[in-house]
>>> print(open('my_file27.txt').read())   # compact mmCIF, C-alpha atoms and all ligand atoms
# COMPACT_ATOMS: atom_id res chain seq x y z
CA MET A 1 -21.35 17.10 0.41
CA LEU A 2 -17.69 17.07 -0.65
CA GLY A 3 -16.77 17.08 3.04
CA LEU A 4 -18.98 14.09 3.72
CA VAL A 5 -17.48 12.10 0.83
CA LEU A 6 -14.02 12.95 2.22
CA LEU A 7 -15.13 12.00 5.73
CA VAL A 8 -15.84 8.43 4.62
CA GLY A 9 -13.04 8.25 2.02
CA ILE A 10 -10.20 9.65 4.15
CA THR A 11 -11.20 7.43 7.09
CA VAL A 12 -11.03 4.34 4.86
CA LEU A 13 -7.65 5.54 3.50
CA PHE A 14 -6.30 6.02 7.03
CA VAL A 15 -7.45 2.60 8.22
CA THR A 16 -6.24 0.71 5.11
CA GLY A 17 -2.93 2.62 5.32
CA LEU A 18 -2.37 1.56 8.94
CA VAL A 19 -3.38 -2.00 8.10
CA SER A 20 -0.90 -2.02 5.20
CA TYR A 21 1.81 -0.84 7.57
CA ALA A 22 1.01 -3.73 9.95
CA ALA A 23 1.28 -6.16 7.01
CA TYR A 24 5.03 -5.51 6.88
CA ASN A 25 5.38 -6.90 10.43
CA PRO A 26 7.52 -3.90 11.43
CA ASP A 27 7.75 -4.97 15.07
CA LEU A 28 9.14 -8.38 14.07
CA SER A 29 12.67 -7.47 13.10
CA PRO A 30 14.71 -4.33 12.47
CA VAL A 31 14.99 -5.18 8.75
CA ASN A 32 11.23 -4.96 8.36
CA ASP A 33 11.01 -1.72 10.31
CA GLN A 34 11.41 1.31 8.08
CA THR A 35 10.33 3.59 10.97
CA PRO A 36 12.38 2.64 14.04
CA ASP A 37 11.46 5.93 15.74
CA LYS A 38 7.71 5.40 15.53
CA GLY A 39 7.29 5.11 19.34
CA ILE A 40 3.65 4.93 20.40
CA LEU A 41 2.43 5.18 16.81
CA GLY A 42 3.03 1.44 16.60
CA PHE A 43 0.61 0.81 19.49
CA TYR A 44 -1.88 -1.10 17.38
CA LEU A 45 0.49 -3.41 15.48
CA PHE A 46 -0.60 -7.02 15.31
CA ALA A 47 0.77 -10.27 13.92
CA TRP A 48 -0.18 -10.21 10.24
CA PRO A 49 -2.42 -13.19 9.37
CA THR A 50 -2.22 -15.48 6.33
CA HIS A 51 -6.01 -15.78 5.91
CA PRO A 52 -7.75 -14.90 3.69
CA HIS A 53 -4.97 -15.19 1.11
CA TRP A 54 -6.25 -12.11 -0.78
CA LEU A 55 -6.22 -9.87 2.32
CA TYR A 56 -3.32 -7.62 1.29
CA ARG A 57 -4.50 -7.55 -2.31
CA LEU A 58 -7.88 -6.20 -1.24
CA ASN A 59 -6.53 -3.80 1.37
CA GLN A 60 -3.93 -2.21 -0.88
CA GLY A 61 -6.16 -2.21 -3.96
CA VAL A 62 -8.73 -0.21 -1.95
CA HIS A 63 -6.09 2.11 -0.47
CA VAL A 64 -4.49 3.11 -3.77
CA THR A 65 -7.59 3.07 -6.01
CA LEU A 66 -9.64 5.06 -3.52
CA GLY A 67 -6.81 7.52 -2.91
CA ILE A 68 -6.53 8.24 -6.64
CA ALA A 69 -10.30 8.48 -7.14
CA LEU A 70 -10.58 10.99 -4.27
CA ILE A 71 -8.16 13.47 -5.87
CA PRO A 72 -10.89 15.44 -7.70
CA VAL A 73 -13.00 15.53 -4.51
CA LEU A 74 -10.06 16.90 -2.51
CA LEU A 75 -9.25 19.51 -5.17
CA ALA A 76 -12.91 20.57 -5.42
CA LYS A 77 -13.18 20.80 -1.65
CA LEU A 78 -10.07 23.00 -1.49
CA TRP A 79 -11.41 25.12 -4.37
CA SER A 80 -14.72 25.58 -2.54
CA VAL A 81 -13.05 26.81 0.67
CA VAL A 82 -10.16 28.80 -0.78
CA PRO A 83 -11.81 32.18 -0.09
CA ARG A 84 -12.27 31.20 3.56
CA LEU A 85 -8.72 30.01 3.83
CA PHE A 86 -7.44 33.51 3.06
CA ALA A 87 -10.14 35.40 5.01
CA LEU A 88 -9.00 38.44 6.99
CA PRO A 89 -8.25 39.01 9.81
CA PRO A 90 -6.32 35.71 9.93
CA ALA A 91 -7.37 35.06 13.53
CA ARG A 92 -10.16 36.62 15.59
CA SER A 93 -9.30 34.97 18.92
CA LEU A 94 -6.89 32.50 20.46
CA ALA A 95 -9.28 29.63 19.75
CA HIS A 96 -9.63 30.76 16.15
CA ALA A 97 -5.84 31.10 15.81
CA LEU A 98 -5.45 27.49 17.00
CA GLU A 99 -8.06 26.35 14.51
CA ARG A 100 -6.22 28.18 11.74
CA ILE A 101 -2.99 26.40 12.67
CA SER A 102 -4.81 23.06 12.54
CA LEU A 103 -6.00 24.04 9.05
CA LEU A 104 -2.38 24.47 7.96
CA LEU A 105 -1.73 20.90 9.08
CA LEU A 106 -4.96 19.74 7.44
CA VAL A 107 -4.39 21.28 4.02
CA GLY A 108 -0.61 20.72 4.09
CA GLY A 109 -1.08 17.17 5.39
CA ALA A 110 -3.68 16.35 2.72
CA LEU A 111 -1.51 17.66 -0.11
CA PHE A 112 1.58 15.92 1.29
CA GLU A 113 -0.14 12.53 1.63
CA PHE A 114 -1.73 12.62 -1.81
CA VAL A 115 1.44 13.87 -3.54
CA THR A 116 3.78 11.33 -1.87
CA GLY A 117 1.28 8.51 -2.49
CA VAL A 118 0.86 9.32 -6.17
CA LEU A 119 4.61 9.78 -6.69
CA ASN A 120 5.30 6.43 -5.08
CA VAL A 121 2.81 4.69 -7.34
CA GLN A 122 3.76 6.50 -10.53
CA LEU A 123 7.50 7.08 -10.33
CA ASP A 124 8.77 4.49 -7.89
CA TYR A 125 9.36 7.50 -5.69
CA VAL A 126 11.49 10.59 -6.18
CA PHE A 127 11.45 12.28 -2.76
CA PRO A 128 14.54 12.53 -0.58
CA GLY A 129 14.32 9.95 2.19
CA SER A 130 12.30 6.79 2.42
CA PHE A 131 8.64 6.81 1.44
CA TYR A 132 7.52 4.77 4.46
CA PRO A 133 8.38 7.15 7.33
CA LEU A 134 7.26 10.20 5.36
CA HIS A 135 3.89 8.72 4.38
CA LEU A 136 3.29 7.16 7.82
CA TYR A 137 4.17 10.19 9.93
CA GLY A 138 2.43 12.49 7.44
CA ALA A 139 -0.71 10.35 7.77
CA TRP A 140 -0.83 10.81 11.54
CA VAL A 141 -0.38 14.60 11.31
CA PHE A 142 -2.98 14.82 8.56
CA PHE A 143 -5.49 12.57 10.32
CA ALA A 144 -5.15 14.36 13.67
CA ALA A 145 -5.92 17.67 11.93
CA PHE A 146 -8.71 15.95 9.99
CA VAL A 147 -10.40 14.70 13.19
CA ALA A 148 -10.18 18.19 14.73
CA HIS A 149 -11.64 19.71 11.56
CA VAL A 150 -14.52 17.23 11.41
CA LEU A 151 -15.38 17.80 15.08
CA LEU A 152 -15.37 21.59 14.59
CA LYS A 153 -17.27 21.60 11.28
CA MET A 154 -19.73 18.75 11.75
CA PRO A 155 -22.52 20.94 13.17
CA THR A 156 -22.21 23.30 10.17
CA ALA A 157 -22.02 20.39 7.73
CA LEU A 158 -25.18 18.77 9.14
CA ARG A 159 -27.06 22.09 9.32
CA ASN A 160 -26.27 22.77 5.70
CA LEU A 161 -27.24 19.29 4.55
CA ARG A 162 -30.64 19.77 6.22
CA HIS A 163 -31.12 23.13 4.49
CA LEU A 164 -29.56 22.14 1.17
CA ARG A 165 -32.37 23.57 -0.91
CA GLU A 166 -32.78 26.82 1.00
CA GLU A 167 -31.14 29.99 -0.17
CA LYS A 168 -30.07 30.88 3.33
CA ASN A 169 -27.51 28.52 4.73
CA ASP A 170 -24.08 29.05 6.23
CA LEU A 171 -22.25 28.26 3.02
CA VAL A 172 -24.07 30.77 0.81
CA THR A 173 -22.06 33.88 0.19
CA PRO A 174 -23.84 37.18 1.05
CA ARG A 175 -22.47 38.80 -2.16
CA PRO A 176 -22.66 36.08 -4.81
CA ALA A 177 -20.92 36.62 -8.14
CA GLU A 178 -22.54 35.47 -11.39
CA PRO A 179 -22.41 31.62 -11.17
CA THR A 180 -20.14 29.94 -13.70
CA VAL A 181 -21.50 26.47 -12.97
CA SER A 182 -24.57 25.16 -11.14
CA ARG A 183 -24.12 23.20 -7.92
CA ARG A 184 -25.35 20.10 -9.71
CA GLY A 185 -22.94 20.77 -12.60
CA ALA A 186 -20.02 21.14 -10.18
CA LEU A 187 -20.87 17.88 -8.42
CA TRP A 188 -21.18 16.03 -11.74
CA PHE A 189 -17.85 17.47 -12.83
CA VAL A 190 -16.13 16.26 -9.65
CA GLY A 191 -17.94 12.90 -9.61
CA GLY A 192 -17.17 12.40 -13.31
CA GLY A 193 -13.48 13.13 -12.67
CA SER A 194 -13.41 10.60 -9.84
CA LEU A 195 -15.16 7.98 -11.95
CA LEU A 196 -12.73 8.54 -14.80
CA LEU A 197 -9.73 8.11 -12.49
CA PHE A 198 -11.33 5.03 -10.96
CA ALA A 199 -12.02 3.50 -14.38
CA THR A 200 -8.44 4.09 -15.56
CA THR A 201 -6.80 2.77 -12.37
CA ALA A 202 -8.86 -0.07 -10.86
CA GLY A 203 -7.94 -2.53 -13.66
CA GLN A 204 -4.39 -2.85 -12.33
CA ASN A 205 -5.82 -5.21 -9.70
CA PHE A 206 -6.90 -7.73 -12.31
CA ASP A 207 -5.42 -9.66 -15.23
CA GLY A 208 -5.91 -9.69 -18.98
CA PRO A 209 -8.36 -7.28 -20.62
CA LEU A 210 -9.19 -5.52 -17.34
CA ARG A 211 -5.53 -4.67 -16.70
CA ARG A 212 -5.43 -3.05 -20.13
CA THR A 213 -8.09 -0.55 -18.99
CA ALA A 214 -5.73 0.81 -16.31
CA LEU A 215 -4.31 3.44 -18.65
CA LEU A 216 -3.12 5.73 -15.87
CA ALA A 217 -1.47 3.04 -13.77
CA PRO A 218 2.18 2.19 -14.39
CA HIS A 219 1.35 -1.49 -13.89
CA GLY A 220 -1.71 -1.36 -16.09
CA GLY A 221 -1.68 -1.96 -19.83
CA ASP A 222 -0.44 -5.20 -21.33
CA GLU A 223 0.96 -8.06 -19.28
CA PRO A 224 4.74 -8.22 -19.49
CA GLY A 225 5.42 -11.07 -21.90
CA SER A 226 3.22 -14.10 -22.47
CA GLY A 227 3.03 -17.70 -21.30
CA PRO A 228 3.15 -19.04 -17.73
CA ASN A 229 5.58 -16.33 -16.54
CA GLY A 230 3.77 -13.53 -18.38
CA PHE A 231 2.28 -11.78 -15.37
CA GLN A 232 3.08 -8.48 -13.71
CA ILE A 233 6.35 -7.78 -11.90
CA ASN A 234 7.78 -4.72 -10.18
CA LYS A 235 11.51 -5.09 -10.80
CA THR A 236 13.32 -7.10 -13.44
CA ALA A 237 16.35 -9.26 -12.59
CA ALA A 238 18.49 -6.84 -14.59
CA TYR A 239 17.18 -3.84 -12.60
CA ALA A 240 17.88 -5.67 -9.32
CA GLY A 241 21.45 -6.36 -10.50
CA ILE A 242 21.10 -10.17 -10.54
CA ASP A 243 24.07 -11.69 -12.31
CA THR A 244 23.13 -14.85 -14.23
CA ALA A 245 26.54 -16.29 -13.28
CA GLU A 246 25.29 -16.47 -9.66
CA THR A 247 22.01 -18.22 -10.45
CA GLY A 248 23.22 -21.11 -12.64
CA GLU A 249 22.85 -24.72 -11.48
CA ASP A 250 26.57 -24.98 -10.62
CA ALA A 251 26.90 -21.67 -8.82
CA TRP A 252 23.69 -21.21 -6.82
CA ARG A 253 23.19 -22.85 -3.43
CA LEU A 254 20.43 -22.10 -0.96
CA VAL A 255 21.96 -21.70 2.50
CA VAL A 256 19.51 -22.70 5.24
CA THR A 257 20.51 -22.18 8.86
CA GLY A 258 18.68 -23.18 12.04
CA ARG A 259 18.85 -24.98 15.39
CA THR A 260 20.87 -27.92 14.10
CA GLY A 261 23.30 -26.04 11.88
CA THR A 262 23.49 -25.10 8.20
CA VAL A 263 22.56 -27.01 5.06
CA ARG A 264 23.37 -26.04 1.48
CA LEU A 265 21.02 -27.14 -1.26
CA SER A 266 21.32 -26.92 -5.02
CA ARG A 267 18.20 -26.29 -7.05
CA ALA A 268 18.15 -29.93 -8.17
CA GLN A 269 18.26 -31.05 -4.52
CA LEU A 270 15.41 -28.68 -3.65
CA ALA A 271 13.40 -30.03 -6.59
CA GLY A 272 13.97 -33.52 -5.18
CA LEU A 273 12.32 -32.64 -1.86
CA SER A 274 8.58 -33.01 -1.31
CA LEU A 275 6.95 -30.34 -3.53
CA HIS A 276 3.57 -28.69 -2.99
CA SER A 277 1.38 -26.26 -4.91
CA SER A 278 -0.51 -23.15 -3.82
CA ALA A 279 -2.63 -20.66 -5.71
CA LEU A 280 -1.60 -17.21 -4.48
CA PRO A 281 -1.56 -13.67 -5.90
CA ILE A 282 1.22 -11.09 -5.97
CA ALA A 283 -0.05 -7.88 -4.36
CA CYS A 284 2.12 -4.78 -4.30
CA VAL A 285 2.09 -1.83 -1.91
CA GLU A 286 1.80 0.36 -5.01
CA GLY A 287 -1.74 -0.95 -5.47
CA TRP A 288 -1.43 -3.40 -8.34
CA SER A 289 -1.96 -7.11 -8.00
CA THR A 290 -2.32 -10.28 -10.04
CA SER A 291 -4.92 -13.00 -9.76
CA ASP A 292 -3.88 -16.28 -8.13
CA GLN A 293 -0.91 -17.96 -9.84
CA TRP A 294 -0.02 -21.64 -9.40
CA TRP A 295 3.23 -21.81 -7.49
CA ARG A 296 5.08 -25.05 -6.83
CA GLY A 297 7.96 -25.52 -4.45
CA VAL A 298 9.10 -26.59 -1.00
CA ARG A 299 7.00 -25.64 2.03
CA LEU A 300 8.76 -23.14 4.30
CA ARG A 301 7.90 -25.32 7.27
CA ASP A 302 9.61 -28.30 5.60
CA LEU A 303 12.77 -26.19 5.21
CA ALA A 304 12.50 -25.28 8.91
CA ALA A 305 12.25 -29.01 9.71
CA LEU A 306 15.50 -29.62 7.78
CA VAL A 307 17.37 -27.48 10.31
CA GLY A 308 15.82 -28.76 13.51
CA TYR A 309 12.33 -27.27 13.82
CA ASP A 310 10.14 -30.32 13.34
CA ASP A 311 6.76 -29.24 14.70
CA ASP A 312 7.29 -25.66 15.79
CA PRO A 313 8.50 -23.57 12.85
CA PRO A 314 9.92 -20.24 14.09
CA ASP A 315 10.33 -16.90 12.28
CA VAL A 316 12.65 -16.79 9.30
CA PHE A 317 15.03 -14.16 8.00
CA VAL A 318 15.29 -14.29 4.21
CA GLU A 319 18.08 -12.71 2.15
CA SER A 320 18.15 -12.20 -1.59
CA LEU A 321 21.01 -12.26 -4.08
CA GLN A 322 19.92 -8.70 -4.85
CA ALA A 323 22.77 -6.38 -3.88
CA ARG A 324 20.81 -3.16 -3.27
CA GLY A 325 17.30 -2.11 -2.30
CA ALA A 326 15.38 -1.65 0.95
CA PHE A 327 13.68 -5.04 0.67
CA ARG A 328 16.57 -7.29 -0.26
CA LYS A 329 16.12 -8.78 3.22
CA ALA A 330 12.83 -9.56 4.97
CA ALA A 331 11.63 -11.35 8.07
CA LEU A 332 8.52 -13.54 8.12
CA ARG A 333 6.56 -14.50 11.21
CA ALA A 334 6.23 -18.03 12.55
CA ASN A 335 2.55 -18.13 11.50
CA GLN A 336 3.59 -17.29 7.93
CA VAL A 337 6.26 -20.01 7.96
CA ALA A 338 3.80 -22.54 9.42
CA ASP A 339 1.10 -21.99 6.78
CA ALA A 340 1.00 -25.00 4.44
CA ARG A 341 0.61 -22.66 1.44
CA SER A 342 3.84 -20.74 2.15
CA LEU A 343 6.49 -21.94 -0.27
CA LEU A 344 9.98 -21.45 -1.50
CA ALA A 345 8.72 -21.64 -5.08
CA LEU A 346 10.75 -23.11 -7.93
CA TYR A 347 7.99 -23.18 -10.53
CA VAL A 348 5.03 -21.04 -11.49
CA ASN A 349 2.05 -22.07 -13.63
CA GLY A 350 3.79 -25.31 -14.53
CA GLU A 351 7.10 -23.83 -15.66
CA ASP A 352 10.44 -22.89 -14.12
CA LEU A 353 10.41 -19.43 -12.57
CA SER A 354 11.72 -16.89 -15.07
CA PRO A 355 14.66 -14.67 -13.99
CA ASP A 356 12.29 -11.72 -13.48
CA HIS A 357 10.03 -13.79 -11.21
CA GLY A 358 12.93 -14.78 -8.97
CA HIS A 359 14.72 -17.79 -10.54
CA PRO A 360 16.25 -19.95 -9.02
CA ALA A 361 13.81 -19.71 -6.06
CA ARG A 362 11.48 -17.20 -4.45
CA ILE A 363 9.27 -16.91 -1.39
CA ILE A 364 5.50 -16.85 -1.77
CA VAL A 365 3.32 -16.41 1.34
CA PRO A 366 -0.48 -15.97 1.51
CA ALA A 367 -1.73 -12.42 2.21
CA ALA A 368 1.78 -10.91 2.43
CA PRO A 369 2.81 -7.68 0.66
CA GLY A 370 4.74 -8.33 -2.56
CA VAL A 371 8.12 -7.21 -1.24
CA LEU A 372 8.03 -9.76 1.58
CA ASN A 373 7.88 -12.46 -1.12
CA THR A 374 11.64 -12.21 -1.63
CA LYS A 375 12.92 -13.11 -5.11
CA TRP A 376 16.34 -14.67 -5.96
CA VAL A 377 16.59 -16.15 -2.44
CA ALA A 378 20.15 -16.91 -1.32
CA ARG A 379 19.90 -17.51 2.41
CA MET A 380 17.24 -18.41 4.98
CA THR A 381 17.92 -18.24 8.70
CA PHE A 382 15.30 -19.83 10.96
CA GLY A 383 15.00 -18.82 14.61
CA ASP A 384 13.04 -16.42 16.81
CA LEU A 385 13.64 -12.87 15.59
C1 LIG B 401 -8.99 16.39 3.22
C2 LIG B 401 -9.95 16.82 3.96
C3 LIG B 401 -10.36 18.27 4.15
C4 LIG B 401 -9.69 19.43 3.89
C5 LIG B 401 -8.30 19.58 3.29
C6 LIG B 401 -10.56 20.52 4.30
C7 LIG B 401 -10.23 21.86 4.21
C8 LIG B 401 -11.06 22.91 4.64
C9 LIG B 401 -10.69 24.29 4.71
C10 LIG B 401 -9.32 24.82 4.34
C11 LIG B 401 -11.76 24.99 5.13
C12 LIG B 401 -11.85 26.50 5.36
C13 LIG B 401 -11.57 26.79 6.80
C14 LIG B 401 -12.47 27.71 7.53
O1 LIG B 401 -12.70 28.80 7.08
O2 LIG B 401 -12.96 27.30 8.59
C15 LIG B 401 -12.83 24.07 5.35
C16 LIG B 401 -14.10 24.39 5.77
C17 LIG B 401 -15.11 23.50 6.03
N1 LIG B 401 -15.00 22.12 6.00
FE1 LIG B 401 -13.39 21.08 5.40
N2 LIG B 401 -11.73 19.99 4.78
C18 LIG B 401 -11.65 18.63 4.72
C19 LIG B 401 -12.60 17.72 5.10
C20 LIG B 401 -13.85 18.06 5.61
C21 LIG B 401 -14.81 17.10 6.08
C22 LIG B 401 -14.60 15.61 6.17
C23 LIG B 401 -15.93 17.82 6.45
C24 LIG B 401 -17.21 17.22 6.99
C25 LIG B 401 -17.57 17.32 8.19
C26 LIG B 401 -15.66 19.22 6.21
C27 LIG B 401 -16.54 20.27 6.45
C28 LIG B 401 -16.24 21.59 6.35
C29 LIG B 401 -17.16 22.66 6.59
C30 LIG B 401 -18.63 22.51 6.97
C31 LIG B 401 -16.47 23.86 6.42
C32 LIG B 401 -16.99 25.26 6.60
C33 LIG B 401 -17.20 25.94 5.31
C34 LIG B 401 -17.65 27.34 5.55
O3 LIG B 401 -17.93 27.68 6.69
O4 LIG B 401 -17.69 28.06 4.57
N3 LIG B 401 -14.38 19.34 5.71
N4 LIG B 401 -12.38 22.78 5.04
>>> encode(input="my_file27.txt", output="structure tokens")
Amino acid sequence: MLGLVLLVGITVLFVTGLVSYAAYNPDLSPVNDQTPDKGILGFYLFAWPTHPHWLYRLNQGVHVTLGIALIPVLLAKLWSVVPRLFALPPARSLAHALERISLLLLVGGALFEFVTGVLNVQLDYVFPGSFYPLHLYGAWVFFAAFVAHVLLKMPTALRNLRHLREEKNDLVTPRPAEPTVSRRGALWFVGGGSLLLFATTAGQNFDGPLRRTALLAPHGGDEPGSGPNGFQINKTAAYAGIDTAETGEDAWRLVVTGRTGTVRLSRAQLAGLSLHSSALPIACVEGWSTSDQWWRGVRLRDLAALVGYDDDPPDVFVESLQARGAFRKAALRANQVADARSLLALYVNGEDLSPDHGHPARIIVPAAPGVLNTKWVARMTFGDL
């Protein structure tokens, strides 16, 4: 039964993980591609859509919440098979030896994926090297071993499900020790653990009282601050090293480059352009998200038109004032630029953006991962990437 829960759960994790990877548009531009050596593993990549606007929020909420809720199931499954893992002789035949090697990849891969995932969510990552290649390549190794394991064990799993109530099935030990817990008790224990993790994590995908229930999530608890800008962020302006001297009205200029040259715009000039509103969430790869916020700013396609792309907005390369960090630069696809809801936002919920939300101006695009919504934008270069 634990295996069958994992069969569904791990498959959903694998698919949502690959979909999340595609959401970064890694084949668009080298700056988006954290795994330039991926080779054929990128075979399925597709142009990330902008509809529905909650697509990334849903995908990543499911990926992270499900991954955390499955931890007790994975641990219980490993506990239930530990005696078999160390059975002697280690291999009875060549075929058995190969299966044992695949088990190393299965158990090692499972532990690696769950540990790196949880560390990324909880600690903003502490491993050497970038999270993206490790978690992506680890996922392929783990899932390949997982598929082999399911194919080899499915007949046993089905046979045992059919004979669940009989004393004699393949999973019953011939020399049972005194039971310390009934089968039903063990399943309740595991299920209860999963439910508890779910209940203390899922709230990070919502606002207000629900977010406060996410006791185990670093972006759960109370909203940071109050008022129109009092909604969740990942990094403060201070953490990103944004110097207020660079963002003042006199100092800051947005540099927009395209087919017809370069224009420089102050914030007051941007505010004088045609402004539009869109209701869009912030959704982070770490699995937290906000509900829709009211952003107001200049459409990305209108900025493209300023530099010579009147009806055919191309891709755009966006750079932040942020000095360090993997995502201080990001490329967006032409379809993301063309969407009428994609903005260079100056205001949120009726107020100026706060420094932590990206003042003087930030990108906001429907369905895009949070880090592609660059904050503290300094430069935008339109053109095919
Ligand atoms: C993260 C996923 C999983 C891990 C880490 C895992 C790990 C293991 C290990 C280490 C064994 C003992 C190896 C052996 O003696 O053959 C085992 C056995 C088994 N697994 Fe899995 N497994 C996973 C998922 C699944 C799934 C999805 C199924 C459902 C088809 C499944 C069904 C079985 C069965 C039926 C056995 C045989 C138990 C026995 O003969 O005593 N496992 N698993």
>>> atom_distance(input="my_file27.txt", atom1="atom C16 of ligand LIG 401 (chain B)", atom2="atom CA of A:Val81")
5.7 Å
>>> residues_around(input="my_file27.txt", residues="A:Ala330", least_positions_apart="3", cutoff="7 Å", atoms="only C-alpha atoms", output="PDB file with C-alpha atoms, keeping the file's coordinate frame")
ATOM      1  CA  VAL A  31      14.990  -5.180   8.750  1.00  0.00           C
ATOM      2  CA  ASN A  32      11.230  -4.960   8.360  1.00  0.00           C
ATOM      3  CA  PHE A 317      15.030 -14.160   8.000  1.00  0.00           C
ATOM      4  CA  VAL A 318      15.290 -14.290   4.210  1.00  0.00           C
ATOM      5  CA  GLU A 319      18.080 -12.710   2.150  1.00  0.00           C
ATOM      6  CA  PHE A 327      13.680  -5.040   0.670  1.00  0.00           C
ATOM      7  CA  LEU A 372       8.030  -9.760   1.580  1.00  0.00           C
TER       8      LEU A 372
END
>>> residues_near_ligand(input="my_file27.txt", ligand="ligand LIG 401 (chain B)", cutoff="9 Å", atoms="only C-alpha atoms and all ligand atoms", output="JSON, numbers by chain")
{"A": [1, 2, 3, 4, 5, 6, 7, 8, 9, 10, 11, 73, 74, 75, 77, 78, 79, 80, 81, 82, 83, 84, 85, 86, 87, 96, 99, 100, 103, 104, 105, 106, 107, 108, 109, 110, 111, 142, 143, 145, 146, 147, 149, 150, 151, 152, 153, 154, 155, 156, 157, 158, 159, 160, 170, 171, 172, 173]}
>>> residues_around(input="my_file27.txt", residues="A:Arg328", least_positions_apart="4", cutoff="12 Å", atoms="all atoms listed in the file", output="count of residues only")
24
>>> atom_distance(input="my_file27.txt", atom1="atom CA of A:Thr213", atom2="atom CA of A:Leu196")
11.0 Å
>>> atom_distance(input="my_file27.txt", atom1="atom CA of A:Pro228", atom2="atom CA of A:Gly203")
20.3 Å
>>> residues_near_point(input="my_file27.txt", point="(2.1, -7.1, -7.3)", cutoff="7 Å", atoms="all atoms listed in the file", output="PyMOL selection string")
chain A and resi 232-234+282-284+288-290+370
>>> write_last_selection(input="my_file27.txt", atoms="C-alpha atoms", output="short mmCIF file (atom, residue, chain, number, x, y, z; two decimals), in the frame of the given file")
data_model
loop_
_atom_site.label_atom_id
_atom_site.label_comp_id
_atom_site.auth_asym_id
_atom_site.auth_seq_id
_atom_site.Cartn_x
_atom_site.Cartn_y
_atom_site.Cartn_z
CA GLN A 232 3.08 -8.48 -13.71
CA ILE A 233 6.35 -7.78 -11.90
CA ASN A 234 7.78 -4.72 -10.18
CA ILE A 282 1.22 -11.09 -5.97
CA ALA A 283 -0.05 -7.88 -4.36
CA CYS A 284 2.12 -4.78 -4.30
CA TRP A 288 -1.43 -3.40 -8.34
CA SER A 289 -1.96 -7.11 -8.00
CA THR A 290 -2.32 -10.28 -10.04
CA GLY A 370 4.74 -8.33 -2.56
#
>>> axis_aligned_box(input="my_file27.txt", around="stretch 55-73 of chain A", padding_each_side="5 Å", output="lines of an AutoDock Vina configuration file")
center_x = -8.2
center_y = 2.8
center_z = -2.7
size_x = 19.7
size_y = 35.4
size_z = 20.0
>>> residues_around(input="my_file27.txt", residues="stretch 61-65 of chain A", least_positions_apart="5", cutoff="7 Å", atoms="all atoms listed in the file", output="PyMOL selection string")
chain A and resi 13+16-17+198+201-202+205+286-288
>>> residues_around(input="my_file27.txt", residues="stretch 350-352 of chain A", least_positions_apart="2", cutoff="9 Å", atoms="all atoms listed in the file", output="PyMOL selection string")
chain A and resi 228-229+294-296+346-348+354+359-360
>>> closest_residue(input="my_file27.txt", among="A:Leu164, A:Leu303, A:Ala340, A:Ala361", to="A:Ala268", atoms="all atoms listed in the file")
A:Ala361
>>> residues_near_point(input="my_file27.txt", point="(-6.7, -16.7, 4.6)", cutoff="12 Å", atoms="all atoms listed in the file", output="list of chain:residue names")
A:Trp48, A:Pro49, A:Thr50, A:His51, A:Pro52, A:His53, A:Trp54, A:Leu55, A:Tyr56, A:Arg57, A:Ala279, A:Leu280, A:Asn335, A:Gln336, A:Asp339, A:Ala340, A:Arg341, A:Ser342, A:Val365, A:Pro366, A:Ala367, A:Ala368
>>> write_last_selection(input="my_file27.txt", atoms="C-alpha atoms", output="mmCIF file, in the frame of the given file")
data_model
loop_
_atom_site.group_PDB
_atom_site.id
_atom_site.type_symbol
_atom_site.label_atom_id
_atom_site.label_comp_id
_atom_site.auth_asym_id
_atom_site.auth_seq_id
_atom_site.Cartn_x
_atom_site.Cartn_y
_atom_site.Cartn_z
ATOM 1 C CA TRP A 48 -0.180 -10.210 10.240
ATOM 2 C CA PRO A 49 -2.420 -13.190 9.370
ATOM 3 C CA THR A 50 -2.220 -15.480 6.330
ATOM 4 C CA HIS A 51 -6.010 -15.780 5.910
ATOM 5 C CA PRO A 52 -7.750 -14.900 3.690
ATOM 6 C CA HIS A 53 -4.970 -15.190 1.110
ATOM 7 C CA TRP A 54 -6.250 -12.110 -0.780
ATOM 8 C CA LEU A 55 -6.220 -9.870 2.320
ATOM 9 C CA TYR A 56 -3.320 -7.620 1.290
ATOM 10 C CA ARG A 57 -4.500 -7.550 -2.310
ATOM 11 C CA ALA A 279 -2.630 -20.660 -5.710
ATOM 12 C CA LEU A 280 -1.600 -17.210 -4.480
ATOM 13 C CA ASN A 335 2.550 -18.130 11.500
ATOM 14 C CA GLN A 336 3.590 -17.290 7.930
ATOM 15 C CA ASP A 339 1.100 -21.990 6.780
ATOM 16 C CA ALA A 340 1.000 -25.000 4.440
ATOM 17 C CA ARG A 341 0.610 -22.660 1.440
ATOM 18 C CA SER A 342 3.840 -20.740 2.150
ATOM 19 C CA VAL A 365 3.320 -16.410 1.340
ATOM 20 C CA PRO A 366 -0.480 -15.970 1.510
ATOM 21 C CA ALA A 367 -1.730 -12.420 2.210
ATOM 22 C CA ALA A 368 1.780 -10.910 2.430
#
>>> residues_around(input="my_file27.txt", residues="A:Ala334", least_positions_apart="3", cutoff="8 Å", atoms="only C-alpha atoms", output="number ranges by chain")
A: 313-316, 337-338
>>> closest_residue(input="my_file27.txt", among="A:Leu119, A:Met380, A:Trp140, A:Phe112", to="A:Ile40", atoms="all atoms listed in the file")
A:Trp140
>>> closest_residue(input="my_file27.txt", among="A:Val19, A:Val190, A:Ile101, A:Leu136", to="A:Ala76", atoms="only C-alpha atoms")
A:Val190
>>> decode(input="my_file27.txt", residues="stretch 367-372 of chain A", atoms="C-alpha atoms", output="compact mmCIF listing (two decimals), in the first residue's frame")
# COMPACT_ATOMS: atom_id res chain seq x y z
CA ALA A 367 2.12 32.25 -14.67
CA ALA A 368 5.88 32.89 -14.39
CA PRO A 369 8.04 31.64 -11.50
CA GLY A 370 8.73 34.36 -8.91
CA VAL A 371 12.40 34.82 -9.79
CA LEU A 372 11.57 35.67 -13.41
